[in-house]
Amino acid sequence: MSGMYFFVNSTHEKVCALIECVDMKLKTRTMTEGTPWKHVLMFSLPVLAGALLQQLYSTIDSIIVGKFAGEDALSAVGTTGSLTFFFLAVAMGFSSGNGVVVAQCFGADDEKRVRANASSGILFLMGLGVITSIAALAVARPACVYLLHVPEEILDMTVLYFRIYALGLIFQYGYNIFSGILRGVGDSAATLYFLLISSVLNMGLDVLFVAYFKWGVAGAAIATVISQAVSFVAAYIYMYSRYKVFRFKLNEYQWNSRRVMDTVTVGLPISLQLIVVSCGFTIIQRAVNEFGKTMTASFTVGQRIEMYLNLPCTSLQTTMATYTGQNVGAKKIDRVKEGTRQTLIISFIMTIIISALVWIFAPGIIDLFGLSDEAAEYCLSHLRTIALINIVLSMYIPLFGVFQGTGHSLFPMIVACGALSTRVIITYALRYSPFFGRSIIWWNGLFGFGMGFLITWTFYLSGRWKRGIEA
């Protein structure tokens with residue numbers, strides 16, 4: 001990492017000098033004053049746009065693979081989704097945890113602690129990135145064979161794609177910690193810039209490697225790794241150039257066990273929540289694969305589009321973690337409750353709009369992926385069902401951000417575990433039933449999200465999430 005540090009540092013000293021006259025005070029991005037919904041909307045829109053870009057290039061990646069490498073290659077790429085997310089969950093959880101801690105220090109106007117937590121968080125996440133990359137390479141084939149039960153016809157392609165993808169995990173971990181820190185100080189727009197660069201590059205490389213060079217799944221994986229590396233470097237350059245407080249010299253990256261523990265305390269439950277989600281979908285993916293590669297291809301496309309439905313509520317969850325963290329640091333609990341009410345309304349409206357669009361345009365969207373008639377029929381039922389069910393999800397996921405911002409990160413993990421367990425049990429219990437059959441693959445969300453909604457709202461209305469912060 002030292003070589004990269006000195007290279008990037010030397011090429012951006014002039015950039016730092018050019019912006020020296022710009023006001024660099026962190027308090028320009030505080031969310032502790034003014035109308036809550038405006039702060040929430042302004043902060044969440046770049047997060048939403050960034051997530052949309054990320055999902056868009058993932059979708060285009062699938063379209064290119066399906067059109068130019070075939071349905072088998074599409075199934076191979078898609079069936080690794082839950083497995084890749086398992087390793088990425090660690091990065092997302094701990095970087096979010098570090099972002100919440102930074103946000104709390106930022107809300108308390110403690111620049112020294114902001115800097116110390118950022119430094120320790122970067123070292124922690126980069127180290128985890130190396131470890132998880134090695135672990136992913138080691139378990140690639142056993143996981144595909146014994147855990148996912150990948151059909152024999154696409155096994156080699158699936159393993160190849162995942163192994164190449166695993167090489168880029170270090171860049172994903174680095175990008176996530178930089179983004180988490182920037183969100184902690186209220187700079188959500190930055191992640192949009194990084195993802196724009198990454199998305200455009202990934203789509204261009206997909207066309208080059210898959211459509212032109214005919215490298216198949218290997219080309220898709222290589223394109224992803226390269227785009228992640230570029231996004232990682234762009235995030236580092238931006239953070240170093242834009243904020244004096246984050247201009248660490250190489251010897252200033254110091255391990256502080258207390259600060260790391262702060263990140264772990266908040267981030268571990270978030271990671272576990274995401275890992276539970278990943279494990280749940282891995283088990284569901286196994287059930288999907290048992291129906292054959294046609295169902296696997298259909299499910300791959302269905303999941304890609306389903307992610308668009310999840311974007312508003314998950315982006316608002318991220319927003320509420322930062323919003324709540326800052327206001328907790330500033331001892332403004334009433335603003336948290338006011339912002340929560342307004343955020344849930346925004347989440348509901350956004351999800352209704354996207355669900356309506358998916359319902360109407362589902363047939364045309366499915367045609368883009370080159371699915372067989374049978375797979376397309378399954379996929380249409382999947383999308384129209386989940387377009388209705390995800391409205392329930394939109395009404396409780398933003399509350400997870402409130403719990404994370406108040407230090408109750410364990411509760412969302414418990415809810416996620418309960419919801420996913422319900423979905424898995426329902427899937428395996430009813431997958432061969434005469435009423436549901438294979439359609440339970442998408443109808444299971446009704447049972448899982450319904451349970452999550454009831455548990456989450458019971459906890460929120462009880463007021464127990466405020467314990468330890470009202471003094």
# chains A, B, ... in the order shown; residues from 1 in each chain; ligands from 1
>>> closest_atom_pairs(of="range 167-203 of chain A", to="range 129-149 of chain A", cutoff="10 Å", atoms="only C-alpha atoms", output="JSON lines")
{"residue": "A:Leu167", "atom": "CA", "partner": "A:Ser133", "partner_atom": "CA", "distance": 6.0}
{"residue": "A:Gly168", "atom": "CA", "partner": "A:Ser133", "partner_atom": "CA", "distance": 7.5}
{"residue": "A:Leu169", "atom": "CA", "partner": "A:Ser133", "partner_atom": "CA", "distance": 5.6}
{"residue": "A:Ile170", "atom": "CA", "partner": "A:Gly129", "partner_atom": "CA", "distance": 4.3}
{"residue": "A:Phe171", "atom": "CA", "partner": "A:Gly129", "partner_atom": "CA", "distance": 7.6}
{"residue": "A:Gln172", "atom": "CA", "partner": "A:Gly129", "partner_atom": "CA", "distance": 7.7}
{"residue": "A:Tyr173", "atom": "CA", "partner": "A:Gly129", "partner_atom": "CA", "distance": 5.3}
{"residue": "A:Gly174", "atom": "CA", "partner": "A:Gly129", "partner_atom": "CA", "distance": 7.5}
>>> closest_atom_pairs(of="range 246-337 of chain A", to="range 74-95 of chain A", cutoff="10 Å", atoms="only C-alpha atoms", output="Markdown table")
| residue | atom | partner | partner_atom | distance |
| --- | --- | --- | --- | --- |
| A:Val260 | CA | A:Phe94 | CA | 9.8 |
| A:Thr263 | CA | A:Phe94 | CA | 6.6 |
| A:Val264 | CA | A:Phe94 | CA | 6.5 |
| A:Thr265 | CA | A:Phe94 | CA | 9.1 |
| A:Val266 | CA | A:Phe94 | CA | 7.7 |
| A:Gly267 | CA | A:Phe94 | CA | 4.2 |
| A:Leu268 | CA | A:Phe94 | CA | 6.3 |
| A:Pro269 | CA | A:Gly93 | CA | 7.6 |
| A:Ile270 | CA | A:Gly93 | CA | 4.7 |
| A:Ser271 | CA | A:Gly93 | CA | 3.9 |
| A:Leu272 | CA | A:Gly93 | CA | 7.6 |
| A:Gln273 | CA | A:Gly93 | CA | 8.2 |
| A:Leu274 | CA | A:Ala89 | CA | 5.3 |
| A:Ile275 | CA | A:Phe86 | CA | 5.5 |
| A:Val276 | CA | A:Phe86 | CA | 8.5 |
| A:Val277 | CA | A:Phe86 | CA | 8.3 |
| A:Ser278 | CA | A:Phe86 | CA | 5.1 |
| A:Cys279 | CA | A:Phe86 | CA | 7.1 |
| A:Gly280 | CA | A:Ser82 | CA | 8.5 |
| A:Phe281 | CA | A:Ser82 | CA | 5.8 |
| A:Thr282 | CA | A:Ser82 | CA | 5.2 |
| A:Ile283 | CA | A:Ser82 | CA | 8.9 |
| A:Ile284 | CA | A:Ser82 | CA | 9.3 |
| A:Gln285 | CA | A:Thr79 | CA | 7.0 |
| A:Arg286 | CA | A:Thr79 | CA | 8.9 |
| A:Val288 | CA | A:Thr79 | CA | 9.3 |
| A:Asn289 | CA | A:Thr79 | CA | 8.2 |
| A:Lys293 | CA | A:Ser75 | CA | 6.7 |
| A:Thr294 | CA | A:Ser75 | CA | 8.2 |
| A:Met295 | CA | A:Ser75 | CA | 9.0 |
| A:Thr296 | CA | A:Ser75 | CA | 5.7 |
| A:Ala297 | CA | A:Ser75 | CA | 4.7 |
| A:Ser298 | CA | A:Ser75 | CA | 8.3 |
| A:Phe299 | CA | A:Gly78 | CA | 8.0 |
| A:Thr300 | CA | A:Gly78 | CA | 4.8 |
| A:Val301 | CA | A:Gly78 | CA | 7.9 |
| A:Gln303 | CA | A:Gly78 | CA | 8.7 |
| A:Arg304 | CA | A:Gly78 | CA | 8.7 |
>>> residues_around(residues="Leu316 in chain A", least_positions_apart="6", cutoff="8 Å", atoms="only C-alpha atoms", output="list in words")
Val40, Ser44, Thr343, Ser347, Pro398 and Gly401 of chain A
>>> closest_residue(among="A:Leu201, A:Met31, A:Ser179, A:Lys214", to="Ile237 in chain A", atoms="only C-alpha atoms")
A:Ser179
>>> residues_around(residues="Trp443 in chain A", least_positions_apart="5", cutoff="9 Å", atoms="only C-alpha atoms", output="mmCIF file with N, CA and C atoms, in the first residue's frame")
data_model
loop_
_atom_site.group_PDB
_atom_site.id
_atom_site.type_symbol
_atom_site.label_atom_id
_atom_site.label_comp_id
_atom_site.auth_asym_id
_atom_site.auth_seq_id
_atom_site.Cartn_x
_atom_site.Cartn_y
_atom_site.Cartn_z
ATOM 1 N N HIS A 382 -42.242 -13.307 -10.915
ATOM 2 C CA HIS A 382 -41.348 -12.880 -9.845
ATOM 3 C C HIS A 382 -41.424 -11.366 -9.651
ATOM 4 N N THR A 385 -44.892 -9.882 -8.508
ATOM 5 C CA THR A 385 -45.199 -10.220 -7.114
ATOM 6 C C THR A 385 -44.390 -9.372 -6.156
ATOM 7 N N ILE A 386 -43.081 -9.285 -6.395
ATOM 8 C CA ILE A 386 -42.214 -8.567 -5.469
ATOM 9 C C ILE A 386 -42.452 -7.057 -5.532
ATOM 10 N N ILE A 389 -44.963 -6.700 -2.797
ATOM 11 C CA ILE A 389 -44.482 -7.073 -1.471
ATOM 12 C C ILE A 389 -43.484 -6.056 -0.916
ATOM 13 N N ARG A 423 -38.302 -16.660 5.662
ATOM 14 C CA ARG A 423 -38.312 -16.849 4.212
ATOM 15 C C ARG A 423 -37.727 -18.198 3.814
ATOM 16 N N THR A 427 -39.821 -21.214 2.173
ATOM 17 C CA THR A 427 -39.390 -21.669 0.851
ATOM 18 C C THR A 427 -39.251 -23.179 0.806
ATOM 19 N N PHE A 436 -48.299 -23.232 -4.140
ATOM 20 C CA PHE A 436 -47.203 -22.323 -4.457
ATOM 21 C C PHE A 436 -46.225 -22.931 -5.470
#
>>> residues_around(residues="range 335-338 of chain A", least_positions_apart="2", cutoff="12 Å", atoms="only C-alpha atoms", output="ChimeraX atom specification")
/A:31-40,319-333,340-345,399,401-403,405-406,460-461,463,465-466,469-470
>>> write_last_selection(atoms="C-alpha atoms", output="PDB file, in the first residue's frame")
ATOM      1  CA  MET A  31     -27.734  17.744   9.767  1.00  0.00           C
ATOM      2  CA  THR A  32     -28.460  19.021  13.277  1.00  0.00           C
ATOM      3  CA  GLU A  33     -30.175  22.229  12.155  1.00  0.00           C
ATOM      4  CA  GLY A  34     -32.981  23.110   9.751  1.00  0.00           C
ATOM      5  CA  THR A  35     -35.897  21.111   8.314  1.00  0.00           C
ATOM      6  CA  PRO A  36     -35.236  17.366   8.757  1.00  0.00           C
ATOM      7  CA  TRP A  37     -36.833  16.095   5.540  1.00  0.00           C
ATOM      8  CA  LYS A  38     -34.793  18.507   3.440  1.00  0.00           C
ATOM      9  CA  HIS A  39     -31.549  17.253   4.986  1.00  0.00           C
ATOM     10  CA  VAL A  40     -32.687  13.656   4.595  1.00  0.00           C
ATOM     11  CA  THR A 319     -29.103   8.341   5.490  1.00  0.00           C
ATOM     12  CA  MET A 320     -30.903   7.846   8.793  1.00  0.00           C
ATOM     13  CA  ALA A 321     -27.828   6.216  10.367  1.00  0.00           C
ATOM     14  CA  THR A 322     -25.814   9.383   9.665  1.00  0.00           C
ATOM     15  CA  TYR A 323     -28.689  11.771  10.446  1.00  0.00           C
ATOM     16  CA  THR A 324     -29.420  10.015  13.736  1.00  0.00           C
ATOM     17  CA  GLY A 325     -25.743   9.732  14.662  1.00  0.00           C
ATOM     18  CA  GLN A 326     -25.162  13.456  14.195  1.00  0.00           C
ATOM     19  CA  ASN A 327     -28.267  14.447  16.140  1.00  0.00           C
ATOM     20  CA  VAL A 328     -27.483  12.009  18.950  1.00  0.00           C
ATOM     21  CA  GLY A 329     -24.028  13.595  19.188  1.00  0.00           C
ATOM     22  CA  ALA A 330     -25.712  17.013  19.362  1.00  0.00           C
ATOM     23  CA  LYS A 331     -28.247  15.758  21.991  1.00  0.00           C
ATOM     24  CA  LYS A 332     -31.255  16.484  19.747  1.00  0.00           C
ATOM     25  CA  ILE A 333     -33.450  13.413  20.105  1.00  0.00           C
ATOM     26  CA  THR A 340     -37.951   9.486  11.128  1.00  0.00           C
ATOM     27  CA  ARG A 341     -41.593  10.300  10.428  1.00  0.00           C
ATOM     28  CA  GLN A 342     -40.724  12.364   7.389  1.00  0.00           C
ATOM     29  CA  THR A 343     -38.259   9.782   6.077  1.00  0.00           C
ATOM     30  CA  LEU A 344     -40.817   6.960   6.184  1.00  0.00           C
ATOM     31  CA  ILE A 345     -43.199   9.028   4.068  1.00  0.00           C
ATOM     32  CA  LEU A 399     -35.949   2.530  10.957  1.00  0.00           C
ATOM     33  CA  GLY A 401     -30.782   3.424  10.313  1.00  0.00           C
ATOM     34  CA  VAL A 402     -32.333   5.056  13.382  1.00  0.00           C
ATOM     35  CA  PHE A 403     -31.404   2.069  15.543  1.00  0.00           C
ATOM     36  CA  GLY A 405     -27.399   5.715  14.726  1.00  0.00           C
ATOM     37  CA  THR A 406     -28.426   5.351  18.378  1.00  0.00           C
ATOM     38  CA  TYR A 460     -39.739   1.600  17.716  1.00  0.00           C
ATOM     39  CA  LEU A 461     -43.091   2.418  19.310  1.00  0.00           C
ATOM     40  CA  GLY A 463     -39.232   3.762  22.754  1.00  0.00           C
ATOM     41  CA  TRP A 465     -34.260   2.503  21.021  1.00  0.00           C
ATOM     42  CA  LYS A 466     -33.783   5.772  22.996  1.00  0.00           C
ATOM     43  CA  ILE A 469     -28.976   8.427  24.716  1.00  0.00           C
ATOM     44  CA  GLU A 470     -31.582  10.479  26.592  1.00  0.00           C
TER      45      GLU A 470
END
>>> closest_residue(among="A:Ala211, A:Met395, A:Leu195, A:Ala287", to="Gln228 in chain A", atoms="only C-alpha atoms")
A:Leu195
>>> closest_residue(among="A:Phe369, A:Tyr161, A:Tyr175, A:Phe348", to="Val65 in chain A", atoms="only C-alpha atoms")
A:Phe369
>>> residues_around(residues="Tyr396 in chain A", least_positions_apart="3", cutoff="10 Å", atoms="only C-alpha atoms", output="number ranges by chain")
A: 313, 317, 344, 347-348, 391-393, 399-401, 449-450, 452-457, 460
>>> write_last_selection(atoms="N, CA and C atoms", output="mmCIF file, in the first residue's frame")
data_model
loop_
_atom_site.group_PDB
_atom_site.id
_atom_site.type_symbol
_atom_site.label_atom_id
_atom_site.label_comp_id
_atom_site.auth_asym_id
_atom_site.auth_seq_id
_atom_site.Cartn_x
_atom_site.Cartn_y
_atom_site.Cartn_z
ATOM 1 N N CYS A 313 -35.542 2.479 0.172
ATOM 2 C CA CYS A 313 -35.521 2.225 1.614
ATOM 3 C C CYS A 313 -34.111 1.947 2.126
ATOM 4 N N GLN A 317 -32.086 4.152 4.779
ATOM 5 C CA GLN A 317 -31.504 3.546 5.982
ATOM 6 C C GLN A 317 -30.108 4.110 6.227
ATOM 7 N N LEU A 344 -39.946 8.091 6.524
ATOM 8 C CA LEU A 344 -40.817 6.960 6.184
ATOM 9 C C LEU A 344 -41.818 7.336 5.096
ATOM 10 N N SER A 347 -39.849 7.300 1.869
ATOM 11 C CA SER A 347 -39.572 5.918 1.481
ATOM 12 C C SER A 347 -40.794 5.275 0.823
ATOM 13 N N PHE A 348 -41.960 5.490 1.410
ATOM 14 C CA PHE A 348 -43.197 4.906 0.885
ATOM 15 C C PHE A 348 -43.507 5.445 -0.508
ATOM 16 N N ILE A 391 -43.431 -2.988 -0.919
ATOM 17 C CA ILE A 391 -44.031 -1.813 -0.278
ATOM 18 C C ILE A 391 -43.989 -1.985 1.242
ATOM 19 N N VAL A 392 -44.159 -3.211 1.703
ATOM 20 C CA VAL A 392 -44.063 -3.499 3.140
ATOM 21 C C VAL A 392 -42.646 -3.213 3.636
ATOM 22 N N LEU A 393 -41.652 -3.620 2.851
ATOM 23 C CA LEU A 393 -40.247 -3.417 3.219
ATOM 24 C C LEU A 393 -39.930 -1.932 3.387
ATOM 25 N N LEU A 399 -36.076 2.529 9.501
ATOM 26 C CA LEU A 399 -35.949 2.530 10.957
ATOM 27 C C LEU A 399 -34.665 1.845 11.412
ATOM 28 N N PHE A 400 -34.138 0.931 10.599
ATOM 29 C CA PHE A 400 -32.865 0.288 10.940
ATOM 30 C C PHE A 400 -31.765 1.330 11.097
ATOM 31 N N GLY A 401 -31.780 2.366 10.227
ATOM 32 C CA GLY A 401 -30.782 3.424 10.313
ATOM 33 C C GLY A 401 -30.890 4.188 11.623
ATOM 34 N N PHE A 449 -41.039 -10.246 5.154
ATOM 35 C CA PHE A 449 -41.163 -8.803 5.346
ATOM 36 C C PHE A 449 -42.281 -8.461 6.322
ATOM 37 N N GLY A 450 -43.348 -9.257 6.288
ATOM 38 C CA GLY A 450 -44.437 -9.028 7.227
ATOM 39 C C GLY A 450 -43.984 -9.179 8.664
ATOM 40 N N GLY A 452 -40.833 -8.889 9.728
ATOM 41 C CA GLY A 452 -39.900 -7.791 9.992
ATOM 42 C C GLY A 452 -40.620 -6.497 10.314
ATOM 43 N N PHE A 453 -41.687 -6.209 9.592
ATOM 44 C CA PHE A 453 -42.482 -4.998 9.818
ATOM 45 C C PHE A 453 -43.048 -4.972 11.238
ATOM 46 N N LEU A 454 -43.640 -6.064 11.666
ATOM 47 C CA LEU A 454 -44.272 -6.125 12.980
ATOM 48 C C LEU A 454 -43.257 -5.987 14.117
ATOM 49 N N ILE A 455 -42.132 -6.686 14.007
ATOM 50 C CA ILE A 455 -41.127 -6.643 15.073
ATOM 51 C C ILE A 455 -40.487 -5.258 15.157
ATOM 52 N N THR A 456 -40.141 -4.691 14.006
ATOM 53 C CA THR A 456 -39.466 -3.389 13.972
ATOM 54 C C THR A 456 -40.345 -2.289 14.562
ATOM 55 N N TRP A 457 -41.588 -2.256 14.152
ATOM 56 C CA TRP A 457 -42.479 -1.202 14.645
ATOM 57 C C TRP A 457 -42.818 -1.371 16.128
ATOM 58 N N TYR A 460 -39.803 0.146 17.854
ATOM 59 C CA TYR A 460 -39.739 1.600 17.716
ATOM 60 C C TYR A 460 -40.788 2.283 18.586
#
>>> residues_around(residues="Ile305 in chain A", least_positions_apart="2", cutoff="9 Å", atoms="only C-alpha atoms", output="ChimeraX atom specification")
/A:55,59,300-303,307-309,358,365,383
>>> write_last_selection(atoms="N, CA and C atoms", output="PDB file, in the first residue's frame")
ATOM      1  N   GLN A  55     -26.340  -0.491  -9.306  1.00  0.00           N
ATOM      2  CA  GLN A  55     -27.261  -1.509  -9.750  1.00  0.00           C
ATOM      3  C   GLN A  55     -27.410  -1.498 -11.265  1.00  0.00           C
ATOM      4  N   THR A  59     -26.845  -4.529 -13.769  1.00  0.00           N
ATOM      5  CA  THR A  59     -27.881  -4.967 -14.703  1.00  0.00           C
ATOM      6  C   THR A  59     -27.338  -5.051 -16.120  1.00  0.00           C
ATOM      7  N   THR A 300     -31.860 -14.943 -11.501  1.00  0.00           N
ATOM      8  CA  THR A 300     -30.774 -13.966 -11.651  1.00  0.00           C
ATOM      9  C   THR A 300     -31.315 -12.629 -12.134  1.00  0.00           C
ATOM     10  N   VAL A 301     -32.144 -12.667 -13.173  1.00  0.00           N
ATOM     11  CA  VAL A 301     -32.723 -11.438 -13.707  1.00  0.00           C
ATOM     12  C   VAL A 301     -33.699 -10.831 -12.704  1.00  0.00           C
ATOM     13  N   GLY A 302     -34.521 -11.674 -12.085  1.00  0.00           N
ATOM     14  CA  GLY A 302     -35.482 -11.182 -11.107  1.00  0.00           C
ATOM     15  C   GLY A 302     -34.817 -10.454  -9.953  1.00  0.00           C
ATOM     16  N   GLN A 303     -33.718 -11.014  -9.458  1.00  0.00           N
ATOM     17  CA  GLN A 303     -33.004 -10.368  -8.363  1.00  0.00           C
ATOM     18  C   GLN A 303     -32.375  -9.050  -8.784  1.00  0.00           C
ATOM     19  N   MET A 307     -33.595  -5.461  -6.939  1.00  0.00           N
ATOM     20  CA  MET A 307     -32.726  -4.537  -6.219  1.00  0.00           C
ATOM     21  C   MET A 307     -33.123  -3.080  -6.445  1.00  0.00           C
ATOM     22  N   TYR A 308     -33.685  -2.789  -7.627  1.00  0.00           N
ATOM     23  CA  TYR A 308     -34.145  -1.413  -7.874  1.00  0.00           C
ATOM     24  C   TYR A 308     -35.281  -1.039  -6.923  1.00  0.00           C
ATOM     25  N   LEU A 309     -36.130  -2.005  -6.629  1.00  0.00           N
ATOM     26  CA  LEU A 309     -37.235  -1.765  -5.711  1.00  0.00           C
ATOM     27  C   LEU A 309     -36.745  -1.485  -4.298  1.00  0.00           C
ATOM     28  N   VAL A 358     -42.018  -0.857 -12.438  1.00  0.00           N
ATOM     29  CA  VAL A 358     -41.604  -2.245 -12.659  1.00  0.00           C
ATOM     30  C   VAL A 358     -42.795  -3.086 -13.118  1.00  0.00           C
ATOM     31  N   ILE A 365     -38.540  -5.107 -19.921  1.00  0.00           N
ATOM     32  CA  ILE A 365     -37.271  -5.213 -19.203  1.00  0.00           C
ATOM     33  C   ILE A 365     -36.699  -6.619 -19.333  1.00  0.00           C
ATOM     34  N   LEU A 383     -41.248 -10.629 -10.735  1.00  0.00           N
ATOM     35  CA  LEU A 383     -41.161  -9.169 -10.642  1.00  0.00           C
ATOM     36  C   LEU A 383     -42.482  -8.543 -10.209  1.00  0.00           C
TER      37      LEU A 383
END
>>> atom_distance(atom1="CA of Ile177 in chain A", atom2="CA of Ile164 in chain A")
21.9 Å
>>> closest_residue(among="A:Ser198, A:Met239, A:Val114, A:Leu371", to="Lys67 in chain A", atoms="only C-alpha atoms")
A:Leu371
>>> closest_residue(among="A:Ser96, A:Ile60, A:Asn176, A:Ala376", to="Ser409 in chain A", atoms="only C-alpha atoms")
A:Ser96
